[in-house]
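Before any comments, here is the structure.
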Amino acid sequence: MGRHKMKSGICRLCGMKTMLSFEHVPPKTTFNSSTKYSSVAFEDFIKVENPIADPPKGKIKQGGIGYNSFCERCNNFLGAEYVPAYKKWVIGGFEILLDKEYHLHYYTIKQVEPLKILKQIISMFLAINDEWYLDAYSELSTFVSDKESKILPDKFKVFSYLTRAEEIRYMHHVVKGNFKTGIPINCSEIAYPPYGYVLTIDSEQEIDKLNNITSFKNFDKPMDLNFKMFQLSTYMPFPLDYRTKSEIEIGIESNIKFRNKTSS
Ligand SMILES: [Zn+2]
């Protein structure tokens, strides 16, 4: 079926060593069935002097973005239990997304199911991370695999923002000095229109301009939600970097000037 092959490995949800099916991240039905995208290696980005003016060309991939990360049973479970609720949340985001780099949106989505949305988001973080993640943070898969569970330990925080995802961003687990504060953050990030998400672990910090949506875990009934959410840009392949194009260009220019000065 399809062009996505099964691969052997450990299912990131149930932990079984078996054949893993291709999981679309985000779900195929949320506008990720025919995504054509170029994947640029992080190292290639670093090598280019000005990646905005002269973007490195990546390998073109087609047929939606995804990972062989769940067994067929878990894949079907996610599709049946969480994806419909997630899709509604995604459509709400698309409806208000603007052709802008930076904007604060006020909006309401009617009858959303926060707990299911959060479980779907966390399943996406399980999908993009390696097998060790399942052992290290088993509370995540326990939370996702039990559809009733509201237990997500406080050390896990999930943040969201709106984005056109100028460059889609799939950052598996990294420890990153926060751009603004300089304090290291243990995080993982996914940005694909219309939302970006950051999962932090063992961090007390809130993230400037991002909505902390961890409390979604407490709401298992459909409800109308009012949001105040920023639309941010993701031009560079770095976690927590939401600089606009011109902010990045200014940064690049001053780097080039500095380099020319020190080399002459
Ligand atoms: Zn499984």
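Identifiers for the structure tokens are assigned positionally: chains receive A, B, ... in sequence, residues are indexed from 1 per chain, and ligands are indexed from 1 in the order shown.
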
Enumerate, in order of chain and increasing residue number, the residues of stretch 130-179 of chain A with an atom no farther than 7 Å from stretch 189-198 of chain A, each with its shortest atom pair and distance in Å to one decimal, counting only C-alpha atoms, as CSV.
residue,atom,partner,partner_atom,distance
A:Val158,CA,A:Val198,CA,5.7
A:Phe159,CA,A:Val198,CA,5.1
A:Ser160,CA,A:Tyr197,CA,4.5
A:Tyr161,CA,A:Gly196,CA,5.2
A:Leu162,CA,A:Tyr195,CA,4.5
A:Thr163,CA,A:Pro194,CA,5.2
A:Arg164,CA,A:Pro193,CA,4.9
A:Ala165,CA,A:Tyr192,CA,5.4
A:Ile168,CA,A:Tyr192,CA,5.4
A:Arg169,CA,A:Ala191,CA,4.7
A:Tyr170,CA,A:Ile190,CA,4.7
A:Met171,CA,A:Glu189,CA,5.0
A:His172,CA,A:Glu189,CA,6.7

Could you list the protein, DNA and RNA residues that have any atom within 12 Å of ligand 1, counting only C-alpha atoms and all ligand atoms, and write them as a PyMOL selection string? chain A and resi 8-21+23+68-78+123+126-127+134+141-142+144-145

For A:Thr29, list every protein, DNA or RNA residue within 9 Å, evaluated using only C-alpha atoms, and leave out those in the same chain fewer than 2 positions away; present the list as a PyMOL selection string. chain A and resi 24+26-27+31-33+83-84+87

Those residues with N, CA, C and O atoms, as a CSV table (one decimal), in the first residue's frame please?
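Listing of part-v6.csv after writing:
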chain,number,residue,atom,x,y,z
A,24,HIS,N,2.4,9.8,9.6
A,24,HIS,CA,2.5,11.2,9.1
A,24,HIS,C,2.6,12.1,10.3
A,24,HIS,O,1.8,12.0,11.2
A,26,PRO,N,2.6,16.2,10.8
A,26,PRO,CA,1.3,16.0,11.5
A,26,PRO,C,0.5,15.0,10.7
A,26,PRO,O,0.9,14.6,9.6
A,27,PRO,N,-0.7,14.6,11.2
A,27,PRO,CA,-1.5,13.5,10.5
A,27,PRO,C,-1.8,13.9,9.1
A,27,PRO,O,-1.9,15.0,8.7
A,31,PHE,N,-3.6,18.2,6.1
A,31,PHE,CA,-2.9,18.8,5.1
A,31,PHE,C,-1.4,18.3,5.0
A,31,PHE,O,-0.6,19.1,4.7
A,32,ASN,N,-1.2,17.1,5.2
A,32,ASN,CA,0.1,16.5,5.1
A,32,ASN,C,0.1,15.2,4.3
A,32,ASN,O,0.8,14.3,4.7
A,33,SER,N,-0.7,15.2,3.2
A,33,SER,CA,-0.7,13.9,2.5
A,33,SER,C,0.2,14.0,1.2
A,33,SER,O,0.7,13.1,0.7
A,83,VAL,N,-7.0,12.0,16.2
A,83,VAL,CA,-6.8,12.8,14.9
A,83,VAL,C,-8.0,13.7,14.6
A,83,VAL,O,-7.9,14.8,14.2
A,84,PRO,N,-9.3,13.1,14.8
A,84,PRO,CA,-10.4,14.0,14.4
A,84,PRO,C,-10.4,15.3,15.3
A,84,PRO,O,-10.7,16.4,14.7
A,87,LYS,N,-7.7,17.6,14.1
A,87,LYS,CA,-8.0,18.2,12.8
A,87,LYS,C,-8.8,19.5,13.0
A,87,LYS,O,-8.6,20.5,12.3

DSSP on the backbone: which residues in stretch 20-253 of chain A end up as helix (DSSP H, G or I)? Give the answer as a ChimeraX atom specification. /A:42-47,72-81,83-96,114-128,131-136,138-145,214-218,245-253

With a distance cut-off of 9 Å and only C-alpha atoms, select the neighbouring residues of stretch 173-175 of chain A, excluding the residue or stretch itself and same-chain residues fewer than 6 positions from it, and output the selection as a JSON list (two decimals) with C-alpha atoms, in the first residue's frame.
[["chain", "number", "residue", "atom", "x", "y", "z"],
["A", 125, "PHE", "CA", 6.99, 14.33, 19.64],
["A", 128, "ILE", "CA", 10.07, 12.36, 15.71],
["A", 129, "ASN", "CA", 12.31, 11.27, 18.56],
["A", 130, "ASP", "CA", 14.53, 8.19, 18.67],
["A", 133, "TYR", "CA", 13.20, 8.71, 24.21],
["A", 184, "PRO", "CA", 19.74, 26.00, 28.71],
["A", 185, "ILE", "CA", 16.44, 24.36, 27.85],
["A", 186, "ASN", "CA", 15.90, 20.68, 27.18],
["A", 187, "CYS", "CA", 13.45, 20.78, 24.31],
["A", 188, "SER", "CA", 12.04, 19.38, 21.11],
["A", 189, "GLU", "CA", 10.17, 21.42, 18.50],
["A", 199, "LEU", "CA", 8.01, 20.30, 24.39],
["A", 239, "PRO", "CA", 14.80, 25.63, 18.13]]

Going by DSSP on the backbone, which residues of stretch 11-238 of chain A come out as strand (DSSP E or B)? List them as a PyMOL selection string. chain A and resi 17-24+37-39+59-61+66-71+103-112+156-163+169-177+184-192+195-201+211-212+223-232

Hey, could you make a per-residue contact list for stretch 194-245 of chain A against stretch 146-152 of chain A with 10 Å as the cut-off, showing the nearest pair of atoms and its distance in Å to one decimal, counting only C-alpha atoms, sorted by chain and number, as CSV?
residue,atom,partner,partner_atom,distance
A:Thr214,CA,A:Leu152,CA,8.7
A:Ser215,CA,A:Leu152,CA,9.7
A:Phe216,CA,A:Lys150,CA,9.1
A:Lys217,CA,A:Lys150,CA,5.4
A:Asn218,CA,A:Lys150,CA,6.0
A:Phe219,CA,A:Lys150,CA,8.3
A:Asp220,CA,A:Glu148,CA,8.2

Of the candidates A:Ile183, A:Leu115, A:Ile201, A:Met229, which shows the shortest atom-to-atom distance to A:Glu139, using only C-alpha atoms? A:Ile201

Return the single residue from A:Leu225, A:Leu97, A:Ala80, A:Ile207 that is closest to A:Val112, with distances computed using only C-alpha atoms.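 Of all the options, A:Leu225 lies closest to A:Val112.
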
Restricting the calculation to only C-alpha atoms, which member of A:Lys28, A:Gly66, A:Ser203, A:Met236 is positioned closest to A:Gly79? A:Lys28

Of the candidates A:Lys157, A:His103, A:Lys119, A:Lys176, which one gets nearest to A:Glu81 if we count only C-alpha atoms?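 Checking each candidate against A:Glu81, we get A:Lys119 as the closest.
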
My list of candidates is A:Pro153, A:Tyr235, A:Lys116, A:Thr262. Which is closest to A:Glu249 when distances are computed with only C-alpha atoms?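 Ranked by minimum distance to A:Glu249, first place goes to A:Tyr235.
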
Using only C-alpha atoms, pick whichever of A:Lys7, A:Lys245, A:Lys110, A:Lys221 has the shortest atom-to-atom distance to A:Tyr67.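 Nearest candidate to A:Tyr67 out of A:Lys7, A:Lys245, A:Lys110, A:Lys221: A:Lys7.
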
What is the distance between atom CA of A:Thr30 and atom CA of A:Glu206, in Å to one decimal? 27.9 Å

Just want the 8 Å neighbourhood of A:Trp89, counted on only C-alpha atoms, with same-chain residues fewer than 2 positions away dropped. Output as a PDB file with N, CA and C atoms, in the first residue's frame.
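Here's the written file around_3.pdb:
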ATOM      1  N   ALA A  85     -10.156  15.172  16.570  1.00  0.00           N
ATOM      2  CA  ALA A  85     -10.134  16.360  17.438  1.00  0.00           C
ATOM      3  C   ALA A  85      -8.988  17.286  17.031  1.00  0.00           C
ATOM      4  N   TYR A  86      -7.875  16.683  16.685  1.00  0.00           N
ATOM      5  CA  TYR A  86      -6.708  17.472  16.284  1.00  0.00           C
ATOM      6  C   TYR A  86      -6.983  18.243  14.994  1.00  0.00           C
ATOM      7  N   LYS A  87      -7.690  17.589  14.089  1.00  0.00           N
ATOM      8  CA  LYS A  87      -7.980  18.197  12.797  1.00  0.00           C
ATOM      9  C   LYS A  87      -8.820  19.468  12.967  1.00  0.00           C
ATOM     10  N   ILE A  91      -7.780  23.182  11.629  1.00  0.00           N
ATOM     11  CA  ILE A  91      -8.589  23.981  10.700  1.00  0.00           C
ATOM     12  C   ILE A  91      -8.845  25.363  11.298  1.00  0.00           C
ATOM     13  N   GLY A  92      -9.114  25.413  12.607  1.00  0.00           N
ATOM     14  CA  GLY A  92      -9.292  26.687  13.295  1.00  0.00           C
ATOM     15  C   GLY A  92      -8.072  27.583  13.137  1.00  0.00           C
ATOM     16  N   GLY A  93      -6.899  27.005  13.271  1.00  0.00           N
ATOM     17  CA  GLY A  93      -5.655  27.767  13.127  1.00  0.00           C
ATOM     18  C   GLY A  93      -5.469  28.278  11.710  1.00  0.00           C
ATOM     19  N   ILE A 109     -12.072  28.952  19.113  1.00  0.00           N
ATOM     20  CA  ILE A 109     -12.446  27.745  18.383  1.00  0.00           C
ATOM     21  C   ILE A 109     -13.527  27.057  19.198  1.00  0.00           C
ATOM     22  N   VAL A 112     -13.726  22.458  21.008  1.00  0.00           N
ATOM     23  CA  VAL A 112     -12.465  21.728  20.864  1.00  0.00           C
ATOM     24  C   VAL A 112     -12.305  20.769  22.036  1.00  0.00           C
ATOM     25  N   ILE A 117      -6.291  16.795  21.882  1.00  0.00           N
ATOM     26  CA  ILE A 117      -5.333  17.574  21.086  1.00  0.00           C
ATOM     27  C   ILE A 117      -3.931  17.439  21.679  1.00  0.00           C
TER      28      ILE A 117
END
